[in-house]
Number of protein chains: 4
Amino acid sequence: MSGNTIGKLFTVTTFGESHGLALGAIVDGCPPGIELTETDLQIDLDRRKPGTSRHTTQRREPDEVEILSGVFEGKTTGTSIGMVIRNTDQRSKDYGKIRDQFRPAHADYTYHHKYGIRDYRGGGRSSARETAMRVAAGALAKKVLKAQFGVEVAGYLSQLGPIAVEKVDWSEINNNPFFCPDVDKVPEMEAYMDALRKEGDSIGAKITVVAKGVPAGWGEPVFDRLDADIAHALMGINAVKGVEVGDGFASVAQKGTEHRDEMTPEGFLSNHAGGVLGGISSGQDIVAHMALKPTSSLRLPGRSVDVDGQAAEIITTGRHDPCVGIRATPIAEAMLAIILLDHALRQRGQNGANPAIAPVVPGAID
Amino acid sequence: MSGNTIGKLFTVTTFGESHGLALGAIVDGCPPGIELTETDLQIDLDRRKPGTSRHTTQRREPDEVEILSGVFEGKTTGTSIGMVIRNTDQRSKDYGKIRDQFRPAHADYTYHHKYGIRDYRGGGRSSARETAMRVAAGALAKKVLKAQFGVEVAGYLSQLGPIAVEKVDWSEINNNPFFCPDVDKVPEMEAYMDALRKEGDSIGAKITVVAKGVPAGWGEPVFDRLDADIAHALMGINAVKGVEVGDGFASVAQKGTEHRDEMTPEGFLSNHAGGVLGGISSGQDIVAHMALKPTSSLRLPGRSVDVDGQAAEIITTGRHDPCVGIRATPIAEAMLAIILLDHALRQRGQNGANPAIAPVVPGAID
Amino acid sequence: MSGNTIGKLFTVTTFGESHGLALGAIVDGCPPGIELTETDLQIDLDRRKPGTSRHTTQRREPDEVEILSGVFEGKTTGTSIGMVIRNTDQRSKDYGKIRDQFRPAHADYTYHHKYGIRDYRGGGRSSARETAMRVAAGALAKKVLKAQFGVEVAGYLSQLGPIAVEKVDWSEINNNPFFCPDVDKVPEMEAYMDALRKEGDSIGAKITVVAKGVPAGWGEPVFDRLDADIAHALMGINAVKGVEVGDGFASVAQKGTEHRDEMTPEGFLSNHAGGVLGGISSGQDIVAHMALKPTSSLRLPGRSVDVDGQAAEIITTGRHDPCVGIRATPIAEAMLAIILLDHALRQRGQNGANPAIAPVVPGAID
Amino acid sequence: MSGNTIGKLFTVTTFGESHGLALGAIVDGCPPGIELTETDLQIDLDRRKPGTSRHTTQRREPDEVEILSGVFEGKTTGTSIGMVIRNTDQRSKDYGKIRDQFRPAHADYTYHHKYGIRDYRGGGRSSARETAMRVAAGALAKKVLKAQFGVEVAGYLSQLGPIAVEKVDWSEINNNPFFCPDVDKVPEMEAYMDALRKEGDSIGAKITVVAKGVPAGWGEPVFDRLDADIAHALMGINAVKGVEVGDGFASVAQKGTEHRDEMTPEGFLSNHAGGVLGGISSGQDIVAHMALKPTSSLRLPGRSVDVDGQAAEIITTGRHDPCVGIRATPIAEAMLAIILLDHALRQRGQNGANPAIAPVVPGAID
C-alpha cells in the first residue's frame, strides 16, 4: 500500500510535517472493547518529547494528543481511531536559509529529487517530529497486547557512542534522561554529552527493545516473517542504520554448536535467536537492537551544494538533539508493539488460536 | 497482504516445500516488453544451487525453471508470470526420525506451534530450498532494472566466520565457490571450511550487496523507506539475524562530523549513508550488509524435546550446508533487486518521473 | 489492508463517527506539485452537505474542512495529506432510546454483532455523515485527474423512485436540489418528495456517474479490473444495493450483435460497454450507475428487537434524508475519481506511460 | 497490491494465458488442518469446463488440476498452496488472423494500448479460460467455509436472455447444462440456444449466487464492506456488467416501509437486504446477482480497425460460448466463497470470535 501506512490487519497511517499545523494518525483494526483514553497515549508521548532535559533539543512541544474517533464511553469500538497533535512551538525563521540549500546528510537532497518540491522547514515530513504519532499509536498497541495477549514491550539505551551498558536493571530505565538501564554508566554518559554539546558535534547510539510473553506462533513466512517485519519497522525509524535480532552480527563468527538454543522439558537453555526461529516467535523473549547514526544537524560547518548545484557551506542553527538515540527508546518500543499486535491478529485470523498448539516447553529463559 | 507475497507494484508470491512436488512463483507487475527466457533466470539459479562444490550441501538438484505464462514471443506481456521448478532429489527417508522431534534452533518447533501441523521433511516450507524461487524472480527484476533504469545489483561474501575480506575486486567474485572478492582470502576460507566439515560444526557469514546506478528519489517515507524495505527483504532470508545499510552498527560510535557525507558540485565525498538518506535513495551506491547465523543442522548431537515435551537428543543427518552464507549471495542480490524494482515503479507511478528533478550532483563516489 | 483504507498507490483512509468529535482522512500517494487549498475541497463538500433544501435532513453542519499537512506554499508535497472536519451539530439526545434497540434495516444490529460494542448515536461509524471525508478526498482526486491527465468526472440523479430522467443536460445539474439533468422532471420530483415527507416514508434512487477523457489502458486485470474497482467503490457507499457499468443489467437480454461497440477509424460507434473492455479503459466515456435503497430511518413504526432479543417497535426520530440519493451524486463522483486516479498512477508505474501506445481511434462517442 | 491477487488474509494469485503452457494459482492464508485433495477441486472444475454440452464452446480441455504444495498427508499445512492446470487443446492457428486486428468489444484493443504488446491467441490473459484457476481456488475456499464456519455457497442461472426463471428448486440445478433451477424453463432455454447457434449470434444472462449459514459480523466497513467486496469479485468476472445484492436495482422504486426487513424474536421477516446491512453480514442468506453481457466472439461480421487504425471487418472463428453465462455459475460461487473466507478470517483476526456476540435472532428466513 502507500508508504505512510504500516501493518496488514492492525494498521497505522500517519501524516504531518515538523512545522505544519498538526501531526496525526489513523489506527485501524484495533480490537474493540479495549479501555482507552488520551492519558494512556500521553504517558509514552511524554517519555519521547523534546525539551525534558539539557541533553535533548530545546524545542518545547506539549505534544498533547487528542482522540477524535473510534472510542465510545471509554472503550475502543473496533472502528478507525483518529488522533491528532497540534504543533505549537515551530520557529520557522530558524530554517529560512535552508530553502535553497541541502544540509549535508539530511533528507533535504533526496526529498527535493523525489518530489520536486519540499517543505524545508525543520525537515518537513522527514523530521523525527513525525515519530510522535508512531509513539501514540504504539501506546495503543501496547495496551491491547497487554490486555488481550499478556505481552509487554520495553526498551533501553544499550550504547551511547563508545559507552556500552554492562548490566540491565529494568527499574533504572526511567530514572535518567537516557533510558539507560545501568546506573553506573549514567554519570559517564552525562559528562560525555556535556562535552559533545560544547563541541557542537553529535554521536550515535544503540537501542535494545524486548517483548516478553509473546507465545510461539507469531510471524508469517516466508516474507512477513516476524523478524523481517521487526527489521522493517525499526529500520524505518529516523536515523537507524542497522537492525539485529538476537545475537545479530555476532552470529557471523559463532559456531553452530555455540549459537543454537537447545531445549529441555523445562525450557530453552539460551536465547541467541532473540525469540524468533524460521521467522516465527518461539515463546522466548523477542530481543532486537537498532543502531542510530549521529545526527547531521550540526552547527559545525559542512560542505554541501544548493539547488543549482553550486558549492555552499552549511551551518545548521535551530534546536537539535546531539544524540537522537536519547529519545529513541519509546519509538522503538512503539514500533515493536505495532508489529507484534499486527502479527497477533494475523495468527488469530488464519489459525483461529494463539498459538495453534499449547506450548510444549516454557518460553522465556531467565 | 499474505505472508508469501512481497512488494506493492512489482510483486513476488512463492510456494513450495523442500520435499514437495515443486517450487513456484508468480511475479506480477513486471513492465511489458522486456526480453525474457528461462536462460536469464537459470544463470542466477545455477549460482545458487546446491552440490556445486564440496563446501555446500551435496543434494543435487538441477533447479531447472520453467516459465509458464506472461511471456510472448520472447517478451514480457505485463501480465502475471508463473514459474515452476520441480524437485527431483528429495531423500525423504533422511528425515523420518524428525517427525515427532524438534531439531534445536530450527523452525520445526515454531511451525508446529503456529499451524498445529507441519511437513517435517527437509524443513518443509522453512527450508532454504524455497529461496530458489526468490532467485528466479530476482533475476527477472535484475533484468528490468538494467533495461529500463540502468541499475545493476551485485553482492559478495564479506566475511566467513572470523575471516574478513580486506579488498574488493568485483572480477574475482565468480572465480571461487564463496563469492569472495578477495582472492588472497580464498585459501584460508577453503582450509577453514575443510576443518569445519570434519568437526561437523557450522559457521556464520556476512554478505554485502550493492546496487549501482540507482537515481535519487526511490523510497516511500515514512514506513516504506527504501532502507526499511531492504531490511525487510534481507532479514526475511533464511538464517539472517542482522541487516545494515551503509556504516550500520559502526555508526553508533561515530561523530556527526565523521559520519556525514558532504557534497560538492562534483559529487558526494563519502558514502557512510550507504546510498539512502531519509529513507530515499541519494544517487549514491546502495550498500547493505546482512549477517547469517551458523546453520543448526548438525551431526553433532544437541539437546531438544519431542512433540510430547520429552527430552530428546537430536542428530541431524542428511545433506546440509556447513555455512549457509556460501550460497546466500545470489539470494541477497535477488531480494535487493526485487525491492529496488518495486520502488522504481512506485516512484514512477506517483511522481511520473525518475527522479522528479534531474540530479544536482553526480551520484556514486569512486 | 484495513477496511478503512481504499486504493493501492493513491490511497484514502478515513475515520469518524456521526456524533464523535470529528471526521478525518489521510490521503496518501498524491502526486506533488498540485495546487491545493481548502476551497478546492469545500466546493464538493458544500454540494453534499445536509440542510441545504427542504428535501434533505435538517441537520446543519458547516462541514468546513481543514488541511493539516502535505501542502506547502499552496502545492501538494507528495507526502500524506491530513484533513479534518469538526462535527458541530450533533443532537445526541435524539438517539438516547436507540442504545439498546436495533432500528430495523440499519447497521445497528450488524455492528453490535461484529464488534460487541457500538457508538449508537446517529449510527456511529455506519452513518452517511462519514462520506463527507470521501467527498473531500475525491475533490482532491478530481483536481489531480484534471491537472495531470485531462480527465473530468461528473454525475447526476438518473432516477428518483419511479421518476426516470429522459434527457441529460449537464448544465442543469447544479440548478436544482436533486442533481437532476432533466429540467422537466424537477417539479414532479419536488411534488413527489413533498408528499413523501408528509407520509413519513422514504424512497430509493439511481445515480449515474461519468468520466470523460480517460485514455485507453487503465485497469489491472484480472482482479483489479477498472470496472471491478468501480463496483467496489460504489457498492461501498451507504445504501447502495447495485452497480452497473455501461448497459449493466440490460445486457442480459441483448444479442451480441446489438451489444458490441463496433469501431471505425473515426472512433467507436456506440458505448454499451460503458468505457471498459476486459477490465481496462477503452478511451470511451466511463459510465456507471448505482442503485440506492430507501433509507430505513423512518418515523413510521417498524418491528424489531432489542439487545436481549425481545420484541420492540421502533420509531426513528431525528433528522433524516427521505431519499439519500438526493445527496449521493457528489459521493459517487468522489469515489469514481479516487479509483481512476489510483489506476492512473498504477498504469504509469508499471508501464511508464499513459497509455503505452497512442490511441488508434478517438475515444469518446458523441 | 498487484492486479492478479485478490483478498487480504486469504489470498488468491493467478497466472496463465488461454494458449500458454499452463494456468496456475497460489492460494495463501488457508487455515491449516483442512483435508484437501485434487478431487475436491476437480468437482467444481468439471462443472465449469468447456465441451460438456452442445450449448458451450467445443474446446475440449480436461482441466486437470495438480496441487504442488501446501498439503501434507492430505491436510493443508497453512503454507502457500500452488496449483497448476496444463493447457492441452489450444488451436493457435484459429487465431492467426487476429494478430494485427482488434475484435470489436474484446479486450484486444485495451490490452494493446495498456501494455503495448499482447498475446493475441485466444484472448491471451483476457480469456475466460483463466477463470479455471479461480474455480479451483474457490473450491478450496468452499471447503474451508463449510468445515470451519458451517457456510455453504451455491448459485444458479436466474435468467437466460429474455427467459427468466420463475421458481427455484436447488435439486434441479445440476440436472441440466444451464445450472437452471426451474425445470420447466429448460426446454425453452435449449430451443433458444439451438436457434442462437444457427444465427451465429450470442446472448446475455443473469446468475444468482447465495451463501447460507454466514453469521452476523463479516465485513470491514467502510471500504471493505462485505457487499463492496462481493461486487468487486463478481464484477471482476469476464463479461460481467452489473452486480446487485438483495433487491438491487428494484430498490430504486421501493418505499422504505416496503424495503426494510423487520425483525422479531423468531427472526427476520424478509430479506430485501440480501443478507448485508451497513456492509456487514446480518446472519441472513447472502444473495447476490450478476449480469453477463453477450459474448463478442461472433462469426457474424463486425466493423473494427487494425493496429494501424485502418478499417477492418472481423469474423471470429474458433470455438466460443454463445452464452458465457451458461458456465458462469461455478465461477460466481468460487468468487463469493473466496470473499467470504477472507472476511471470516479478518473478523476472527480483529475480533477474536465469529461473531463477537451470539446472534440475538435466528439468521435466515425460510
# chains A, B, ... in the order shown; residues from 1 in each chain; ligands from 1
call {"tool": "calpha_fit_and_write", "arguments": {"fixed": "chain B", "moving": "chain D", "output": "compact mmCIF listing (two decimals) with C-alpha atoms, in the first residue's frame"}}
result
# COMPACT_ATOMS: atom_id res chain seq x y z
CA MET D 1 -1.27 -8.86 2.58
CA SER D 2 -0.45 -12.51 2.83
CA GLY D 3 2.94 -13.60 4.13
CA ASN D 4 4.04 -15.27 0.93
CA THR D 5 3.90 -12.13 -1.15
CA ILE D 6 6.41 -9.28 -1.22
CA GLY D 7 6.13 -5.95 -2.96
CA LYS D 8 3.44 -3.42 -3.76
CA LEU D 9 3.54 -2.74 -7.53
CA PHE D 10 6.10 -5.36 -8.56
CA THR D 11 5.16 -8.36 -6.50
CA VAL D 12 6.52 -11.85 -5.98
CA THR D 13 4.42 -14.65 -4.46
CA THR D 14 6.02 -18.04 -3.86
CA PHE D 15 5.07 -21.56 -2.85
CA GLY D 16 6.84 -24.84 -2.31
CA GLU D 17 8.22 -27.14 0.33
CA SER D 18 11.65 -28.71 0.40
CA HIS D 19 10.32 -32.20 -0.32
CA GLY D 20 7.13 -31.29 -2.11
CA LEU D 21 6.43 -31.78 -5.80
CA ALA D 22 7.64 -28.39 -6.89
CA LEU D 23 8.58 -24.85 -6.02
CA GLY D 24 6.94 -22.00 -7.84
CA ALA D 25 6.37 -18.27 -8.02
CA ILE D 26 4.09 -15.74 -9.60
CA VAL D 27 5.69 -12.43 -10.49
CA ASP D 28 3.19 -9.64 -11.09
CA GLY D 29 3.53 -6.05 -12.21
CA CYS D 30 6.52 -6.67 -14.44
CA PRO D 31 6.75 -3.95 -17.09
CA PRO D 32 5.91 -5.28 -20.55
CA GLY D 33 8.29 -5.54 -23.46
CA ILE D 34 11.27 -6.93 -21.55
CA GLU D 35 13.08 -9.76 -23.30
CA LEU D 36 12.93 -12.86 -21.14
CA THR D 37 13.77 -16.53 -21.44
CA GLU D 38 14.46 -19.29 -18.95
CA THR D 39 18.17 -18.81 -19.55
CA ASP D 40 18.04 -15.34 -18.00
CA LEU D 41 16.75 -16.90 -14.79
CA GLN D 42 18.87 -20.03 -14.92
CA ILE D 43 22.14 -18.12 -14.67
CA ASP D 44 21.42 -16.94 -11.14
CA LEU D 45 19.76 -20.23 -10.20
CA ASP D 46 22.94 -22.02 -11.14
CA ARG D 47 24.97 -19.66 -8.98
CA ARG D 48 22.76 -20.52 -6.03
CA LYS D 49 22.19 -24.20 -6.41
CA PRO D 50 23.48 -26.93 -4.17
CA GLY D 51 26.05 -29.58 -4.95
CA THR D 52 28.43 -27.40 -6.90
CA SER D 53 31.39 -27.64 -4.55
CA ARG D 54 32.51 -29.71 -1.61
CA HIS D 55 31.77 -26.76 0.66
CA THR D 56 28.01 -26.91 0.25
CA THR D 57 25.26 -29.45 0.68
CA GLN D 58 25.59 -32.49 -1.52
CA ARG D 59 21.94 -32.57 -2.55
CA ARG D 60 21.91 -32.44 -6.33
CA GLU D 61 19.01 -30.52 -7.79
CA PRO D 62 19.13 -29.31 -11.37
CA ASP D 63 16.85 -26.41 -10.33
CA GLU D 64 15.59 -26.02 -13.87
CA VAL D 65 13.00 -23.29 -14.04
CA GLU D 66 10.10 -23.26 -16.48
CA ILE D 67 8.21 -20.08 -17.40
CA LEU D 68 4.51 -20.86 -17.77
CA SER D 69 2.94 -17.49 -18.62
CA GLY D 70 3.38 -13.79 -19.04
CA VAL D 71 5.92 -14.02 -21.85
CA PHE D 72 4.99 -13.98 -25.54
CA GLU D 73 7.36 -14.21 -28.46
CA GLY D 74 10.23 -13.71 -26.07
CA LYS D 75 8.95 -10.59 -24.31
CA THR D 76 7.06 -9.95 -21.11
CA THR D 77 3.43 -9.04 -21.70
CA GLY D 78 2.82 -7.19 -18.44
CA THR D 79 0.56 -9.98 -17.21
CA SER D 80 1.44 -12.27 -14.33
CA ILE D 81 4.42 -14.55 -14.89
CA GLY D 82 4.20 -18.06 -13.49
CA MET D 83 7.41 -20.01 -12.89
CA VAL D 84 7.96 -23.50 -11.55
CA ILE D 85 10.88 -25.71 -10.56
CA ARG D 86 10.25 -29.39 -10.01
CA ASN D 87 12.00 -31.04 -7.06
CA THR D 88 13.85 -34.19 -8.11
CA ASP D 89 16.37 -35.18 -5.48
CA GLN D 90 14.41 -35.39 -2.28
CA ARG D 91 15.60 -38.15 0.01
CA SER D 92 12.68 -38.15 2.36
CA LYS D 93 13.91 -41.09 4.38
CA ASP D 94 16.72 -38.92 5.68
CA TYR D 95 14.04 -37.11 7.67
CA GLY D 96 11.84 -39.86 9.02
CA LYS D 97 13.08 -39.53 12.56
CA ILE D 98 12.26 -35.85 12.70
CA ARG D 99 8.51 -36.36 12.50
CA ASP D 100 7.98 -36.11 16.24
CA GLN D 101 11.09 -34.26 17.26
CA PHE D 102 12.12 -30.63 17.10
CA ARG D 103 15.62 -30.08 15.84
CA PRO D 104 17.08 -27.42 18.10
CA ALA D 105 17.24 -23.93 16.62
CA HIS D 106 15.16 -24.93 13.63
CA ALA D 107 11.73 -23.80 12.62
CA ASP D 108 10.30 -27.24 13.43
CA TYR D 109 9.20 -26.07 16.86
CA THR D 110 7.69 -22.80 15.71
CA TYR D 111 5.87 -24.18 12.66
CA HIS D 112 4.38 -26.89 14.85
CA HIS D 113 3.05 -24.32 17.28
CA LYS D 114 1.86 -21.86 14.66
CA TYR D 115 -0.05 -24.23 12.43
CA GLY D 116 -0.57 -27.36 14.52
CA ILE D 117 0.76 -29.36 11.59
CA ARG D 118 3.96 -29.31 9.54
CA ASP D 119 5.62 -31.01 6.63
CA TYR D 120 8.67 -32.16 8.56
CA ARG D 121 10.63 -33.43 5.59
CA GLY D 122 13.68 -31.32 4.95
CA GLY D 123 12.24 -28.45 6.92
CA GLY D 124 9.18 -28.19 4.70
CA ARG D 125 8.37 -24.60 3.87
CA SER D 126 11.06 -23.31 6.24
CA SER D 127 13.84 -24.82 4.17
CA ALA D 128 16.22 -22.56 2.30
CA ARG D 129 15.32 -24.59 -0.79
CA GLU D 130 12.40 -22.21 -1.12
CA THR D 131 14.80 -19.37 -1.88
CA ALA D 132 15.35 -20.76 -5.37
CA MET D 133 12.14 -19.05 -6.45
CA ARG D 134 13.26 -15.75 -4.98
CA VAL D 135 16.42 -16.03 -7.02
CA ALA D 136 14.43 -16.73 -10.18
CA ALA D 137 12.15 -13.75 -9.56
CA GLY D 138 15.14 -11.63 -8.63
CA ALA D 139 16.86 -12.49 -11.88
CA LEU D 140 13.86 -11.08 -13.70
CA ALA D 141 13.94 -7.95 -11.53
CA LYS D 142 17.63 -7.50 -12.28
CA LYS D 143 16.90 -7.65 -15.99
CA VAL D 144 14.22 -4.99 -15.83
CA LEU D 145 16.31 -2.78 -13.57
CA LYS D 146 19.11 -2.87 -16.08
CA ALA D 147 16.99 -2.49 -19.21
CA GLN D 148 14.66 0.26 -18.01
CA PHE D 149 16.62 2.01 -15.28
CA GLY D 150 20.32 1.34 -15.84
CA VAL D 151 20.66 -0.18 -12.40
CA GLU D 152 22.94 -3.12 -11.56
CA VAL D 153 22.90 -5.26 -8.46
CA ALA D 154 25.75 -7.47 -7.25
CA GLY D 155 26.97 -8.90 -3.97
CA TYR D 156 29.77 -10.80 -2.32
CA LEU D 157 30.80 -12.63 0.82
CA SER D 158 32.40 -10.03 3.06
CA GLN D 159 33.13 -12.30 6.00
CA LEU D 160 33.27 -16.05 6.60
CA GLY D 161 33.26 -16.72 10.32
CA PRO D 162 36.34 -14.92 11.65
CA ILE D 163 37.86 -14.34 8.19
CA ALA D 164 37.10 -10.85 6.94
CA VAL D 165 37.66 -9.76 3.37
CA GLU D 166 40.20 -6.91 3.08
CA LYS D 167 39.83 -5.77 -0.50
CA VAL D 168 37.05 -5.94 -3.07
CA ASP D 169 37.83 -6.96 -6.63
CA TRP D 170 34.51 -7.50 -8.40
CA SER D 171 36.12 -9.62 -11.07
CA GLU D 172 37.15 -12.25 -8.52
CA ILE D 173 33.69 -12.99 -7.15
CA ASN D 174 32.65 -15.69 -9.58
CA ASN D 175 36.09 -17.37 -9.55
CA ASN D 176 35.69 -19.20 -6.26
CA PRO D 177 32.89 -21.15 -4.57
CA PHE D 178 32.43 -18.47 -1.89
CA PHE D 179 31.57 -15.37 -3.94
CA CYS D 180 34.65 -13.95 -2.24
CA PRO D 181 36.03 -10.73 -3.78
CA ASP D 182 39.44 -11.04 -2.12
CA VAL D 183 41.49 -13.71 -3.87
CA ASP D 184 44.05 -13.74 -1.07
CA LYS D 185 41.49 -14.95 1.45
CA VAL D 186 40.24 -17.89 -0.56
CA PRO D 187 42.80 -20.51 0.53
CA GLU D 188 42.22 -19.57 4.17
CA MET D 189 38.46 -19.94 3.69
CA GLU D 190 38.84 -23.30 1.99
CA ALA D 191 41.04 -24.64 4.78
CA TYR D 192 38.64 -23.30 7.37
CA MET D 193 35.68 -25.02 5.74
CA ASP D 194 37.51 -28.32 5.35
CA ALA D 195 38.30 -28.32 9.06
CA LEU D 196 34.72 -27.38 9.89
CA ARG D 197 33.31 -30.22 7.86
CA LYS D 198 35.51 -32.67 9.74
CA GLU D 199 34.35 -31.21 13.06
CA GLY D 200 30.73 -31.51 11.99
CA ASP D 201 30.08 -27.95 13.13
CA SER D 202 28.94 -24.86 11.20
CA ILE D 203 29.76 -21.17 11.00
CA GLY D 204 28.11 -17.83 10.22
CA ALA D 205 28.89 -15.32 7.50
CA LYS D 206 28.31 -11.78 6.34
CA ILE D 207 27.19 -10.81 2.84
CA THR D 208 27.44 -7.37 1.25
CA VAL D 209 25.18 -6.39 -1.61
CA VAL D 210 25.46 -3.25 -3.74
CA ALA D 211 23.26 -1.50 -6.29
CA LYS D 212 24.83 0.92 -8.74
CA GLY D 213 23.06 3.46 -10.88
CA VAL D 214 20.06 3.97 -8.62
CA PRO D 215 18.89 7.55 -9.18
CA ALA D 216 17.94 9.84 -6.33
CA GLY D 217 14.28 9.56 -5.38
CA TRP D 218 13.40 5.92 -4.71
CA GLY D 219 11.80 5.11 -1.39
CA GLU D 220 8.40 5.84 0.17
CA PRO D 221 8.59 7.53 3.52
CA VAL D 222 7.71 7.22 6.27
CA PHE D 223 7.17 3.48 6.57
CA ASP D 224 8.21 2.11 3.21
CA ARG D 225 11.53 3.83 3.27
CA LEU D 226 13.95 2.22 0.86
CA ASP D 227 16.26 1.11 3.67
CA ALA D 228 13.32 -0.24 5.68
CA ASP D 229 12.16 -2.33 2.74
CA ILE D 230 15.71 -3.53 2.13
CA ALA D 231 15.93 -4.55 5.77
CA HIS D 232 12.62 -6.37 5.48
CA ALA D 233 13.72 -8.23 2.39
CA LEU D 234 17.14 -9.25 3.68
CA MET D 235 16.05 -10.15 7.22
CA GLY D 236 13.46 -12.35 5.56
CA ILE D 237 16.15 -14.59 4.10
CA ASN D 238 16.66 -17.82 5.99
CA ALA D 239 19.31 -17.59 8.72
CA VAL D 240 19.69 -13.82 8.62
CA LYS D 241 19.97 -12.20 12.06
CA GLY D 242 21.08 -8.67 11.22
CA VAL D 243 20.93 -6.06 8.47
CA GLU D 244 22.89 -2.85 7.97
CA VAL D 245 22.74 -0.06 5.43
CA GLY D 246 25.96 1.88 4.90
CA ASP D 247 28.05 2.03 8.03
CA GLY D 248 25.36 0.25 10.03
CA PHE D 249 26.37 -0.51 13.59
CA ALA D 250 29.68 1.32 13.17
CA SER D 251 27.55 4.51 13.14
CA VAL D 252 26.88 4.07 16.84
CA ALA D 253 30.34 5.28 17.81
CA GLN D 254 30.76 7.83 15.02
CA LYS D 255 30.64 11.57 15.47
CA GLY D 256 28.32 13.55 13.20
CA THR D 257 31.20 15.34 11.52
CA GLU D 258 32.70 11.95 10.71
CA HIS D 259 29.52 10.21 9.53
CA ARG D 260 28.01 12.83 7.32
CA ASP D 261 28.60 12.58 3.62
CA GLU D 262 29.45 16.05 2.44
CA MET D 263 28.58 17.17 -1.09
CA THR D 264 30.38 19.26 -3.69
CA PRO D 265 29.38 20.16 -7.23
CA GLU D 266 31.45 17.17 -8.37
CA GLY D 267 29.58 14.75 -6.14
CA PHE D 268 29.50 13.23 -2.70
CA LEU D 269 32.73 12.95 -0.73
CA SER D 270 31.91 9.71 1.05
CA ASN D 271 29.13 7.15 1.45
CA HIS D 272 28.61 6.39 5.13
CA ALA D 273 24.91 6.53 4.47
CA GLY D 274 25.01 3.60 2.08
CA GLY D 275 23.09 5.49 -0.55
CA VAL D 276 19.92 6.19 1.46
CA LEU D 277 19.00 9.48 3.18
CA GLY D 278 15.70 10.01 4.91
CA GLY D 279 14.62 6.68 3.50
CA ILE D 280 15.12 7.77 -0.09
CA SER D 281 17.96 6.92 -2.47
CA SER D 282 20.50 9.71 -2.96
CA GLY D 283 22.04 8.59 -6.23
CA GLN D 284 24.98 7.01 -4.46
CA ASP D 285 25.63 3.28 -4.47
CA ILE D 286 23.17 1.46 -2.27
CA VAL D 287 25.27 -0.62 0.14
CA ALA D 288 23.74 -3.17 2.53
CA HIS D 289 25.12 -5.98 4.67
CA MET D 290 23.47 -8.99 6.23
CA ALA D 291 24.62 -11.34 8.96
CA LEU D 292 23.82 -15.04 8.67
CA LYS D 293 23.85 -17.33 11.64
CA PRO D 294 25.55 -20.74 11.52
CA THR D 295 23.18 -23.47 10.43
CA SER D 296 21.63 -25.57 13.14
CA SER D 297 21.56 -28.73 11.02
CA LEU D 298 24.49 -30.51 12.65
CA ARG D 299 25.53 -34.09 13.10
CA LEU D 300 26.87 -33.09 16.49
CA PRO D 301 24.18 -34.04 18.99
CA GLY D 302 22.01 -31.33 20.54
CA ARG D 303 19.49 -31.39 23.36
CA SER D 304 15.89 -30.90 22.43
CA VAL D 305 12.38 -32.18 23.06
CA ASP D 306 9.79 -34.15 21.15
CA VAL D 307 6.17 -33.22 20.48
CA ASP D 308 5.14 -34.48 23.89
CA GLY D 309 7.68 -32.33 25.66
CA GLN D 310 9.97 -35.23 26.48
CA ALA D 311 13.73 -34.76 26.38
CA ALA D 312 15.45 -35.96 23.24
CA GLU D 313 18.94 -35.80 21.80
CA ILE D 314 18.94 -34.80 18.15
CA ILE D 315 21.49 -35.65 15.51
CA THR D 316 20.68 -34.22 12.13
CA THR D 317 21.67 -36.45 9.28
CA GLY D 318 21.06 -35.54 5.68
CA ARG D 319 22.90 -33.16 3.44
CA HIS D 320 23.44 -29.67 4.81
CA ASP D 321 25.47 -26.56 4.16
CA PRO D 322 28.06 -26.08 6.93
CA CYS D 323 27.90 -22.40 6.06
CA VAL D 324 24.67 -21.18 4.52
CA GLY D 325 26.36 -17.89 3.75
CA ILE D 326 28.31 -19.52 0.96
CA ARG D 327 25.27 -19.75 -1.30
CA ALA D 328 23.51 -16.70 0.02
CA THR D 329 24.97 -14.01 -2.22
CA PRO D 330 22.60 -14.66 -5.16
CA ILE D 331 19.67 -14.62 -2.76
CA ALA D 332 20.68 -11.25 -1.33
CA GLU D 333 21.12 -9.85 -4.83
CA ALA D 334 17.70 -11.16 -5.81
CA MET D 335 15.93 -9.62 -2.84
CA LEU D 336 17.63 -6.25 -3.30
CA ALA D 337 16.67 -6.27 -6.97
CA ILE D 338 13.05 -7.08 -6.19
CA ILE D 339 12.80 -4.23 -3.69
CA LEU D 340 14.51 -1.73 -5.98
CA LEU D 341 12.27 -2.52 -8.93
CA ASP D 342 9.17 -2.20 -6.76
CA HIS D 343 10.35 1.19 -5.64
CA ALA D 344 11.26 2.27 -9.15
CA LEU D 345 7.70 1.59 -10.26
CA ARG D 346 6.19 3.28 -7.21
CA GLN D 347 8.28 6.42 -7.82
CA ARG D 348 7.32 6.44 -11.47
CA GLY D 349 3.67 5.92 -10.59
CA GLN D 350 3.27 8.71 -8.08
CA ASN D 351 5.72 11.23 -9.49
CA GLY D 352 5.68 10.41 -13.16
CA ALA D 353 9.43 10.61 -13.49
CA ASN D 354 12.58 9.03 -12.16
CA PRO D 355 13.59 11.16 -10.34
CA ALA D 356 11.31 14.22 -10.41
CA ILE D 357 14.27 16.57 -10.64
CA ALA D 358 17.45 15.93 -12.63
CA PRO D 359 20.24 15.18 -10.16
CA VAL D 360 22.08 18.22 -8.93
CA VAL D 361 25.29 16.31 -8.26
CA PRO D 362 26.66 13.05 -9.65
CA GLY D 363 25.66 10.04 -7.60
CA ALA D 364 28.24 7.40 -6.90
CA ILE D 365 31.58 8.08 -5.29
CA ASP D 366 34.63 6.34 -6.68
call {"tool": "select_by_dssp", "arguments": {"residues": "region 11-256 of chain C", "states": "strand (DSSP E or B)", "output": "JSON, numbers by chain"}}
result
{"C": [11, 12, 13, 14, 15, 22, 23, 24, 25, 26, 27, 28, 35, 65, 66, 67, 71, 72, 75, 76, 81, 82, 83, 84, 85, 86, 101, 152, 153, 154, 155, 156, 157, 158, 159, 160, 163, 164, 203, 205, 206, 207, 208, 209, 210, 211, 212, 216, 220, 224, 240, 241, 242, 243, 244, 245, 255]}
